[in-house]
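Source file: input.tsv; contents: TSV, C-alpha atoms.
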```tsv
chain	number	residue	atom	x	y	z
Y	1	MET	CA	-7.91	-116.12	-162.84
Y	2	GLU	CA	-10.91	-113.87	-162.98
Y	3	ALA	CA	-8.70	-110.82	-163.22
Y	4	LEU	CA	-6.64	-112.43	-165.95
Y	5	THR	CA	-9.67	-113.30	-168.04
Y	6	ARG	CA	-11.01	-109.80	-167.54
Y	7	ILE	CA	-7.73	-108.25	-168.68
Y	8	ALA	CA	-7.59	-110.60	-171.65
Y	9	SER	CA	-11.16	-109.81	-172.70
Y	10	ALA	CA	-10.51	-106.09	-172.37
Y	11	GLY	CA	-7.39	-106.50	-174.50
Y	12	ALA	CA	-9.37	-108.44	-177.10
Y	13	ARG	CA	-12.06	-105.78	-177.16
Y	14	ALA	CA	-9.42	-103.12	-177.66
Y	15	ALA	CA	-7.77	-105.14	-180.42
Y	16	ALA	CA	-11.10	-105.70	-182.14
Y	17	ALA	CA	-11.86	-102.03	-181.96
Y	18	ALA	CA	-8.39	-101.06	-183.16
Y	19	GLY	CA	-9.24	-101.66	-186.77
Y	20	GLU	CA	-12.16	-99.25	-186.65
Y	21	PHE	CA	-10.35	-96.08	-185.61
Y	22	THR	CA	-10.31	-93.14	-187.97
Y	23	ALA	CA	-7.16	-91.05	-188.09
Y	24	ALA	CA	-8.67	-88.38	-185.82
Y	25	GLU	CA	-9.71	-90.97	-183.23
Y	26	ALA	CA	-6.29	-92.56	-183.28
Y	27	LYS	CA	-4.74	-89.13	-182.76
Y	28	ALA	CA	-7.11	-88.40	-179.87
Y	29	ASN	CA	-6.24	-91.73	-178.29
Y	30	ALA	CA	-2.52	-91.07	-178.58
Y	31	ALA	CA	-3.06	-87.63	-177.02
Y	32	ALA	CA	-5.06	-89.16	-174.17
Y	33	GLN	CA	-2.30	-91.67	-173.54
Y	34	MET	CA	0.33	-88.95	-173.45
Y	35	ALA	CA	-1.75	-86.76	-171.13
Y	36	GLY	CA	-0.63	-88.51	-167.96
Y	37	LEU	CA	3.01	-88.31	-169.00
Y	38	ALA	CA	2.62	-84.62	-169.81
Y	39	TYR	CA	1.21	-83.85	-166.39
Y	40	GLY	CA	3.84	-85.97	-164.67
Y	41	LEU	CA	6.62	-84.04	-166.39
Y	42	ALA	CA	4.96	-80.73	-165.58
Y	43	ALA	CA	4.75	-81.66	-161.90
Y	44	ILE	CA	8.44	-82.45	-161.34
Y	45	GLY	CA	9.83	-78.92	-161.28
Y	46	PRO	CA	7.07	-77.29	-159.24
Y	47	GLY	CA	7.20	-80.22	-156.81
Y	48	VAL	CA	10.88	-79.59	-156.13
Y	49	GLY	CA	10.29	-75.84	-156.06
Y	50	ILE	CA	7.43	-75.89	-153.59
Y	51	GLY	CA	9.40	-78.22	-151.34
Y	52	MET	CA	12.31	-75.80	-151.34
Y	53	ILE	CA	10.07	-72.79	-150.69
Y	54	PHE	CA	8.38	-74.41	-147.70
Y	55	GLY	CA	11.67	-75.74	-146.34
Y	56	LYS	CA	13.34	-72.35	-146.51
Y	57	ALA	CA	10.27	-70.63	-145.05
Y	58	ILE	CA	10.23	-73.02	-142.09
Y	59	GLU	CA	13.95	-72.40	-141.61
Y	60	ALA	CA	13.39	-68.64	-141.64
Y	61	MET	CA	10.45	-68.87	-139.24
Y	62	ALA	CA	12.42	-71.07	-136.85
Y	63	ARG	CA	15.35	-68.64	-136.85
Y	64	GLN	CA	13.21	-65.54	-136.48
Y	65	PRO	CA	9.75	-66.34	-135.16
Y	66	GLU	CA	8.82	-62.63	-134.93
Y	67	SER	CA	9.01	-62.33	-138.73
Y	68	ALA	CA	6.72	-65.33	-139.24
Y	69	GLY	CA	3.83	-63.25	-140.61
Y	70	MET	CA	5.85	-61.62	-143.34
Y	71	VAL	CA	7.59	-64.88	-144.23
Y	72	ARG	CA	4.24	-66.67	-144.49
Y	73	THR	CA	2.76	-64.10	-146.89
Y	74	THR	CA	5.87	-64.16	-149.06
Y	75	MET	CA	5.91	-67.96	-148.92
Y	76	PHE	CA	2.35	-68.17	-150.23
Y	77	LEU	CA	3.26	-65.76	-153.00
Y	78	GLY	CA	6.19	-67.94	-154.00
Y	79	VAL	CA	4.08	-71.08	-153.82
Y	80	ALA	CA	1.43	-69.44	-155.99
Y	81	PHE	CA	3.95	-68.56	-158.69
Y	82	THR	CA	5.61	-71.97	-158.63
Y	83	GLU	CA	2.36	-73.86	-158.50
Y	84	ALA	CA	1.10	-72.06	-161.61
Y	85	LEU	CA	3.44	-74.17	-163.76
Y	86	ALA	CA	2.03	-77.42	-162.41
Y	87	LEU	CA	-1.50	-76.09	-162.83
Y	88	ILE	CA	-0.89	-75.13	-166.45
Y	89	GLY	CA	0.35	-78.69	-166.87
Y	90	PHE	CA	-2.88	-79.91	-165.32
Y	91	VAL	CA	-4.90	-77.79	-167.75
Y	92	ALA	CA	-2.84	-79.26	-170.59
Y	93	PHE	CA	-3.69	-82.71	-169.20
Y	94	ILE	CA	-7.41	-81.92	-169.21
Y	95	LEU	CA	-7.22	-80.54	-172.73
Y	96	LEU	CA	-5.28	-83.55	-174.04
Y	97	LYS	CA	-7.44	-86.05	-172.24
Y	98	PHE	CA	-10.92	-84.70	-172.80
Y	99	ALA	CA	-10.86	-82.05	-175.48
N	100	MET	CA	-4.41	-132.30	-165.76
N	101	HIS	CA	-7.47	-132.86	-163.65
N	102	ALA	CA	-6.65	-129.87	-161.45
N	103	THR	CA	-6.30	-127.57	-164.46
N	104	GLU	CA	-9.65	-128.66	-165.85
N	105	LEU	CA	-11.20	-128.07	-162.44
N	106	ALA	CA	-9.67	-124.58	-162.28
N	107	ILE	CA	-11.01	-123.73	-165.73
N	108	ALA	CA	-14.44	-125.03	-164.79
N	109	VAL	CA	-14.40	-122.98	-161.58
N	110	ALA	CA	-13.31	-119.92	-163.50
N	111	ALA	CA	-16.08	-120.42	-166.03
N	112	ARG	CA	-18.59	-120.88	-163.22
N	113	LEU	CA	-17.39	-117.69	-161.52
N	114	GLU	CA	-17.57	-115.87	-164.84
N	115	SER	CA	-21.18	-116.98	-165.30
N	116	LEU	CA	-22.05	-115.75	-161.79
N	117	ARG	CA	-21.08	-112.20	-162.70
N	118	PRO	CA	-23.80	-109.95	-164.07
N	119	ALA	CA	-24.03	-109.90	-167.83
N	120	ALA	CA	-23.34	-106.19	-168.22
N	121	ASP	CA	-19.76	-106.03	-166.96
N	122	GLN	CA	-19.57	-102.35	-167.87
N	123	SER	CA	-21.60	-101.47	-164.78
N	124	ASN	CA	-19.39	-103.55	-162.53
N	125	GLY	CA	-15.98	-101.96	-162.89
N	126	PHE	CA	-14.76	-98.47	-162.13
N	127	ASN	CA	-15.70	-96.30	-165.06
N	128	PHE	CA	-14.85	-92.66	-164.93
N	129	PRO	CA	-17.70	-90.72	-166.54
N	130	PRO	CA	-17.05	-88.31	-169.41
N	131	ILE	CA	-15.93	-84.94	-168.11
N	132	ASN	CA	-19.02	-83.17	-169.37
N	133	THR	CA	-21.30	-85.13	-167.04
N	134	ILE	CA	-19.23	-83.86	-164.10
N	135	LEU	CA	-18.85	-80.23	-165.06
N	136	ARG	CA	-21.63	-79.30	-167.46
N	137	TRP	CA	-24.98	-78.66	-165.82
N	138	LYS	CA	-28.36	-78.46	-167.44
N	139	ASP	CA	-29.96	-75.04	-167.69
N	140	VAL	CA	-32.55	-74.38	-165.01
N	141	VAL	CA	-33.79	-71.34	-166.89
N	142	PRO	CA	-32.25	-70.79	-170.36
N	143	GLY	CA	-28.79	-69.37	-169.77
N	144	ILE	CA	-28.82	-70.04	-166.04
N	145	ASN	CA	-27.40	-73.28	-164.70
N	146	LYS	CA	-26.08	-74.44	-161.35
N	147	VAL	CA	-22.75	-72.62	-161.67
N	148	VAL	CA	-24.50	-69.33	-162.45
N	149	LEU	CA	-26.89	-69.87	-159.54
N	150	ILE	CA	-23.95	-70.43	-157.18
N	151	GLY	CA	-22.32	-67.26	-158.47
N	152	ILE	CA	-25.50	-65.23	-157.96
N	153	ALA	CA	-25.99	-66.75	-154.51
N	154	ALA	CA	-22.39	-65.92	-153.58
N	155	ALA	CA	-22.84	-62.29	-154.58
N	156	LEU	CA	-26.14	-62.06	-152.68
N	157	ILE	CA	-24.84	-63.82	-149.54
N	158	GLY	CA	-21.78	-61.61	-149.37
N	159	THR	CA	-23.79	-58.42	-149.88
N	160	VAL	CA	-26.54	-59.37	-147.41
N	161	VAL	CA	-24.12	-60.43	-144.66
N	162	PHE	CA	-22.18	-57.18	-144.84
N	163	LEU	CA	-25.31	-55.04	-145.12
N	164	LEU	CA	-26.77	-56.75	-142.05
N	165	ALA	CA	-23.52	-56.13	-140.21
N	166	LEU	CA	-23.66	-52.47	-141.26
N	167	ARG	CA	-27.08	-51.98	-139.66
N	168	GLN	CA	-25.67	-52.51	-136.16
N	169	ASP	CA	-24.39	-49.60	-134.12
N	170	GLY	CA	-20.63	-49.58	-134.52
N	171	ARG	CA	-20.01	-48.05	-131.09
N	172	LYS	CA	-21.51	-50.98	-129.17
N	173	ALA	CA	-19.96	-54.41	-128.78
N	174	PRO	CA	-20.48	-56.39	-132.01
N	175	ARG	CA	-23.02	-59.22	-132.01
N	176	GLY	CA	-23.80	-62.10	-134.35
N	177	VAL	CA	-23.20	-61.42	-138.01
N	178	ARG	CA	-21.21	-58.27	-137.29
N	179	ASN	CA	-18.59	-60.37	-135.48
N	180	LEU	CA	-18.12	-62.42	-138.63
N	181	ALA	CA	-17.95	-59.34	-140.84
N	182	GLU	CA	-15.40	-57.67	-138.59
N	183	ILE	CA	-13.22	-60.78	-138.53
N	184	VAL	CA	-13.20	-60.89	-142.33
N	185	VAL	CA	-12.52	-57.16	-142.71
N	186	GLU	CA	-9.71	-57.34	-140.15
N	187	PHE	CA	-8.23	-60.36	-141.89
N	188	VAL	CA	-8.21	-58.57	-145.24
N	189	GLU	CA	-6.77	-55.39	-143.73
N	190	ARG	CA	-4.11	-57.00	-141.55
N	191	ASN	CA	-3.02	-60.11	-143.40
N	192	ILE	CA	-3.53	-59.04	-147.00
N	193	ILE	CA	-3.22	-55.26	-147.34
N	194	MET	CA	-0.81	-54.36	-144.54
N	195	GLU	CA	1.54	-57.21	-145.51
N	196	THR	CA	1.65	-56.31	-149.18
N	197	MET	CA	0.73	-52.65	-149.83
N	198	GLY	CA	1.26	-51.07	-146.41
N	199	ARG	CA	-0.81	-48.34	-144.84
N	200	SER	CA	-1.37	-46.44	-148.07
N	201	GLY	CA	-3.22	-49.42	-149.54
N	202	LEU	CA	-6.03	-49.41	-146.97
N	203	GLY	CA	-8.23	-47.54	-149.44
N	204	TRP	CA	-8.36	-50.74	-151.47
N	205	THR	CA	-10.12	-52.61	-148.64
N	206	PRO	CA	-13.64	-52.58	-150.23
N	207	PHE	CA	-12.35	-53.86	-153.57
N	208	LEU	CA	-10.17	-56.61	-152.13
N	209	LEU	CA	-12.74	-57.51	-149.47
N	210	SER	CA	-15.50	-58.03	-152.01
N	211	MET	CA	-13.09	-60.01	-154.20
N	212	PHE	CA	-12.00	-62.25	-151.33
N	213	VAL	CA	-15.53	-62.88	-150.02
N	214	PHE	CA	-16.99	-63.54	-153.46
N	215	ILE	CA	-14.27	-65.99	-154.49
N	216	PHE	CA	-14.40	-67.79	-151.16
N	217	ILE	CA	-18.18	-68.22	-151.28
N	218	CYS	CA	-17.89	-69.40	-154.88
N	219	ASN	CA	-15.22	-71.96	-153.88
N	220	ILE	CA	-16.82	-73.39	-150.78
N	221	PRO	CA	-19.88	-75.08	-152.45
N	222	GLY	CA	-17.36	-77.62	-153.72
N	223	ILE	CA	-17.60	-79.39	-150.37
N	224	ILE	CA	-21.16	-78.55	-149.29
N	225	PRO	CA	-23.22	-81.75	-149.60
N	226	PHE	CA	-25.87	-81.81	-152.36
N	227	ILE	CA	-24.35	-78.76	-154.05
N	228	GLN	CA	-20.77	-80.00	-154.48
N	229	MET	CA	-19.75	-77.81	-157.33
N	230	PRO	CA	-17.29	-74.95	-156.92
N	231	ALA	CA	-18.49	-72.20	-159.24
N	232	THR	CA	-14.84	-71.32	-159.92
N	233	ALA	CA	-14.23	-74.78	-161.40
N	234	ARG	CA	-15.60	-73.42	-164.66
N	235	MET	CA	-13.32	-71.02	-166.49
N	236	GLY	CA	-15.92	-68.25	-167.00
N	237	LEU	CA	-15.94	-66.90	-163.48
N	238	PRO	CA	-12.16	-66.79	-162.87
N	239	ALA	CA	-11.64	-65.40	-166.38
N	240	PHE	CA	-13.91	-62.42	-165.75
N	241	ARG	CA	-12.41	-61.89	-162.30
N	242	ALA	CA	-8.98	-61.77	-163.95
N	243	LEU	CA	-10.25	-59.48	-166.72
N	244	ARG	CA	-11.58	-57.11	-164.08
N	245	PHE	CA	-8.23	-57.30	-162.31
N	246	GLY	CA	-6.43	-56.45	-165.56
N	247	VAL	CA	-8.59	-53.37	-166.11
N	248	VAL	CA	-8.26	-52.16	-162.51
N	249	PHE	CA	-4.53	-52.88	-162.39
N	250	ASN	CA	-3.71	-50.98	-165.60
N	251	ALA	CA	-6.08	-48.13	-164.77
N	252	THR	CA	-4.39	-47.73	-161.36
N	253	GLY	CA	-0.97	-47.66	-162.93
N	254	ILE	CA	-2.03	-45.04	-165.47
N	255	LYS	CA	-3.78	-42.97	-162.81
N	256	HIS	CA	-0.78	-42.90	-160.47
N	257	GLN	CA	2.06	-42.61	-162.98
N	258	GLY	CA	0.41	-41.11	-166.03
N	259	LEU	CA	-0.06	-42.94	-169.30
N	260	PHE	CA	3.47	-42.34	-170.52
N	261	GLY	CA	5.17	-42.95	-167.19
N	262	TYR	CA	3.27	-46.16	-166.56
N	263	PHE	CA	4.13	-47.74	-169.88
N	264	LYS	CA	7.70	-46.49	-169.59
N	265	ASN	CA	8.02	-48.22	-166.22
N	266	VAL	CA	6.38	-51.41	-167.46
N	267	LEU	CA	8.18	-51.68	-170.78
N	268	PHE	CA	11.55	-50.12	-169.89
N	269	PRO	CA	12.23	-51.03	-166.25
N	270	PRO	CA	14.94	-48.74	-164.82
N	271	GLY	CA	18.37	-50.14	-163.99
N	272	VAL	CA	18.61	-52.41	-167.04
N	273	PRO	CA	21.45	-51.93	-169.54
N	274	LYS	CA	20.17	-50.27	-172.73
N	275	ALA	CA	21.08	-53.16	-175.06
N	276	LEU	CA	19.04	-55.60	-172.98
N	277	TYR	CA	15.81	-53.71	-173.69
N	278	ILE	CA	15.51	-55.67	-176.94
N	279	LEU	CA	15.06	-58.74	-174.77
N	280	VAL	CA	13.41	-57.26	-171.70
N	281	THR	CA	10.70	-55.15	-173.30
N	282	PRO	CA	8.75	-57.92	-175.08
N	283	ILE	CA	9.05	-60.17	-172.02
N	284	GLU	CA	7.81	-57.42	-169.71
N	285	LEU	CA	4.98	-56.54	-172.09
N	286	ILE	CA	3.71	-60.12	-172.20
N	287	SER	CA	4.33	-60.91	-168.53
N	288	THR	CA	2.61	-57.79	-167.24
N	289	LEU	CA	-0.33	-57.42	-169.59
N	290	VAL	CA	-1.07	-61.05	-170.52
N	291	VAL	CA	0.54	-63.54	-168.17
N	292	ARG	CA	-0.52	-61.84	-164.92
N	293	PRO	CA	-4.30	-61.98	-165.45
N	294	PHE	CA	-4.05	-65.28	-167.30
N	295	SER	CA	-2.08	-66.99	-164.54
N	296	LEU	CA	-4.42	-65.57	-161.90
N	297	ALA	CA	-7.42	-67.06	-163.70
N	298	VAL	CA	-5.77	-70.39	-164.48
N	299	ARG	CA	-4.45	-70.78	-160.93
N	300	LEU	CA	-7.89	-70.38	-159.40
N	301	PHE	CA	-9.67	-72.43	-162.05
N	302	ALA	CA	-7.21	-75.33	-162.16
N	303	ASN	CA	-6.96	-75.61	-158.38
N	304	MET	CA	-10.70	-75.81	-157.96
N	305	LEU	CA	-11.15	-78.15	-160.94
N	306	ALA	CA	-8.39	-80.45	-159.67
N	307	GLY	CA	-9.97	-80.56	-156.21
N	308	HIS	CA	-13.40	-81.23	-157.68
N	309	LEU	CA	-12.09	-84.05	-159.87
N	310	LEU	CA	-10.24	-85.59	-156.91
N	311	LEU	CA	-13.43	-85.64	-154.86
N	312	VAL	CA	-15.37	-87.12	-157.79
N	313	ILE	CA	-12.75	-89.83	-158.33
N	314	PHE	CA	-12.71	-90.94	-154.71
N	315	ALA	CA	-16.49	-90.75	-154.32
N	316	LEU	CA	-16.95	-92.91	-157.43
N	317	LEU	CA	-14.24	-95.33	-156.29
N	318	THR	CA	-15.93	-95.71	-152.90
N	319	ALA	CA	-19.32	-96.27	-154.52
N	320	SER	CA	-18.06	-98.78	-157.06
N	321	LEU	CA	-16.18	-100.78	-154.40
N	322	ILE	CA	-19.01	-100.85	-151.88
N	323	GLN	CA	-21.66	-101.69	-154.47
N	324	ALA	CA	-19.43	-104.21	-156.28
N	325	GLN	CA	-21.20	-107.50	-156.99
N	326	THR	CA	-18.24	-109.78	-156.57
N	327	ASN	CA	-17.13	-113.04	-155.07
N	328	GLN	CA	-14.01	-111.51	-153.60
N	329	PHE	CA	-15.36	-110.82	-150.14
N	330	LEU	CA	-12.56	-108.39	-149.27
N	331	LEU	CA	-13.51	-105.98	-152.03
N	332	VAL	CA	-16.45	-104.41	-150.21
N	333	PRO	CA	-14.70	-103.52	-146.90
N	334	VAL	CA	-11.72	-102.22	-148.88
N	335	GLY	CA	-14.12	-99.51	-150.08
N	336	LEU	CA	-13.70	-97.88	-146.68
N	337	LEU	CA	-10.15	-96.85	-147.60
N	338	PRO	CA	-11.10	-94.46	-150.42
N	339	PHE	CA	-13.95	-93.28	-148.21
N	340	ALA	CA	-11.49	-92.29	-145.47
N	341	LEU	CA	-9.37	-90.52	-148.06
N	342	LEU	CA	-12.49	-88.81	-149.40
N	343	MET	CA	-13.23	-87.43	-145.93
N	344	PHE	CA	-9.65	-86.22	-145.61
N	345	LEU	CA	-9.73	-84.60	-149.05
N	346	THR	CA	-13.01	-82.87	-148.25
N	347	ALA	CA	-11.36	-81.26	-145.23
N	348	PHE	CA	-8.37	-80.44	-147.42
N	349	GLU	CA	-10.67	-78.77	-149.95
N	350	ILE	CA	-11.90	-76.34	-147.27
N	351	LEU	CA	-8.29	-75.28	-146.86
N	352	VAL	CA	-7.81	-75.03	-150.63
N	353	ALA	CA	-11.00	-72.97	-151.06
N	354	PHE	CA	-9.76	-70.51	-148.46
N	355	LEU	CA	-6.19	-70.52	-149.71
N	356	GLN	CA	-7.12	-69.86	-153.31
N	357	ALA	CA	-9.34	-66.92	-152.40
N	358	TYR	CA	-6.47	-65.64	-150.22
N	359	ILE	CA	-3.83	-66.09	-152.91
N	360	PHE	CA	-5.97	-64.46	-155.61
N	361	THR	CA	-6.53	-61.46	-153.34
N	362	VAL	CA	-2.91	-61.24	-152.17
N	363	LEU	CA	-1.57	-61.35	-155.72
N	364	THR	CA	-4.05	-58.68	-156.78
N	365	ALA	CA	-2.89	-56.54	-153.85
N	366	VAL	CA	0.78	-57.08	-154.74
N	367	TYR	CA	0.26	-56.19	-158.39
N	368	ILE	CA	-1.83	-53.13	-157.59
N	369	GLY	CA	0.73	-52.08	-154.98
N	370	GLY	CA	3.44	-52.39	-157.63
N	371	ALA	CA	1.43	-50.30	-160.07
N	372	THR	CA	0.88	-47.59	-157.44
N	373	HIS	CA	4.49	-47.33	-156.29
N	374	PRO	CA	6.72	-48.29	-159.21
N	375	GLU	CA	9.97	-47.84	-157.31
N	376	HIS	CA	9.35	-50.91	-155.15
```

Can the structure in the file be given as C-alpha cells, please?
Amino acid sequence: MEALTRIASAGARAAAAAGEFTAAEAKANAAAQMAGLAYGLAAIGPGVGIGMIFGKAIEAMARQPESAGMVRTTMFLGVAFTEALALIGFVAFILLKFA
Amino acid sequence: MHATELAIAVAARLESLRPAADQSNGFNFPPINTILRWKDVVPGINKVVLIGIAAALIGTVVFLLALRQDGRKAPRGVRNLAEIVVEFVERNIIMETMGRSGLGWTPFLLSMFVFIFICNIPGIIPFIQMPATARMGLPAFRALRFGVVFNATGIKHQGLFGYFKNVLFPPGVPKALYILVTPIELISTLVVRPFSLAVRLFANMLAGHLLLVIFALLTASLIQAQTNQFLLVPVGLLPFALLMFLTAFEILVAFLQAYIFTVLTAVYIGGATHPEH
C-alpha cells in the first residue's frame, strides 16, 4: 500500500512537472532514458567476446600449462581490446546521462 | 467495505508517520559533479591533483630510497619492494612483449606502471577514495605522452619516410586495397591507439568508482531508513557485503589497468621498433 501510494505520488509529480519542460529539457530527459539502453547494447558484444577469450585461454592453458605465461599476457591484451568497446559505451552512457 | 476503510485509514496513518521530507528518505543518486568534482584546496589544485603529485613523489622516493642501499648485499625493506616491481616489469611486461631488446625501456615503463598504479589505488583507500585516473585529464596526458614517444621511436628506428610508409602502406596488402587500408591505418595508429588507451583507463576507474559510490549510498540509505518495514534495515547488510567484495575487486582492477596500460604501450613501442613483427 505504502509503496503503491509512493509510486502514484511520484507519477503525479512527474505528470505535474511534465508541462513545464522546455524543449532542451525534454531532449535531455529522453537522452537520459536512452542511456541505459545504449550501454546495454554496447555491452552485449564485448560480453560475448570476453567470455570467448577467457574460455579459449583456459583451454590453451589446460592443454599446455608450460605456455601459460605467454597465453595470459596475450589474453589480457585481447581482453583490453575487446573491453574498450564496452568502455566507450559506458562513456557514451555517462555523456548521455549527465552531460 | 469496513475492511477497505480500515486499510485506507491504516495507510493514511502510516503515511503520516513518515517524515515530511520524503526526498531524504529514498535512495537518491547525487548529481555526478558532487562525486567527481572536488573543490580547489589552492586555486588550481584539488584532490585529484594532490593525489597525482603524491603518486609521483611516492614513486620517486621509494625508488630513490631503494637505490641508496648497496646492491651487492641482500636487499632489505623498501629495496625488496622495488626489486619485486622492477622484476615484474622486466619479466612479465617487457620480456613477454618486446623481448630482450626492449629491456632498455624498463625505466620508462616502470615509471609509467608505478605512477598509474599509485594513482589508481586511492580509489579504495578509506577517507581518500578517489582514483586520480577517474578524471580524464591524467589518462589523456599519459596517452598523449605515449603518442609522442611511440611515434618518435618509430621515426628514430625506421626513419621518417620508412615509418610512415610502414604505418600507412603495410606490406603484403594488394595495391588496390590501399585506398581502404591507408585511411584506416592512419586513424587507428595515430588517433585510436592513444585515445583507446586513455579511455580504457579512465572509464574503468570511473566505472569502479561509481560502483563503489552506488553501493555505499545504498547501504547508508537502507541502514538509516526511517521506516516501518522492519526488514529494511538488516537488508542493508547485503549491499554492504557486496561493497566489501567490490572494494577487493577494485584492488585487482587498479593493478590490472596499470598492467594493461603498460603492456599495450610496450606492445605498440615494440611494433614501432621492429616493423616486421

Taking only C-alpha atoms into account, find every residue of chain Y that has an atom no more than 9 Å from chain N, and write it out as a ChimeraX atom specification. /Y:1-2,5,69-70,73-74,76-77,80-81,83-84,87-88,90-91,98

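Residues in contact range of Ala92 of chain Y, defined as at most 12 Å between only C-alpha atoms, with sequence neighbours fewer than 2 positions away removed, read Ala31, Ala32, Met34, Ala35, Gly36, Leu37, Ala38, Tyr39, Gly40, Leu41, Ala42, Ala43, Leu85, Ala86, Leu87, Ile88, Gly89, Phe90, Ile94, Leu95, Leu96, Lys97, Phe98 and Ala99 of chain Y; Val298 and Ala302 of chain N.
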
request  = Choose the residue, out of N:Asn127, N:Asn327, N:Gln257, N:Thr364, that has the smallest atom-to-atom separation from Ile313 of chain N; count all atoms listed in the file.
outcome  =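 Among the listed residues, N:Asn127 lies closest to Ile313 of chain N.
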
The distance between atom CA of Gly261 of chain N and atom CA of Gly370 of chain N is 13.5 Å

> Looking at Y:Lys27, Y:Gly78, Y:Gln33, Y:Phe93, which one is nearest to Gly49 of chain Y, with distances taken over all atoms listed in the file?
Replying inline: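 Result for the nearest residue to Gly49 of chain Y: Y:Gly78.
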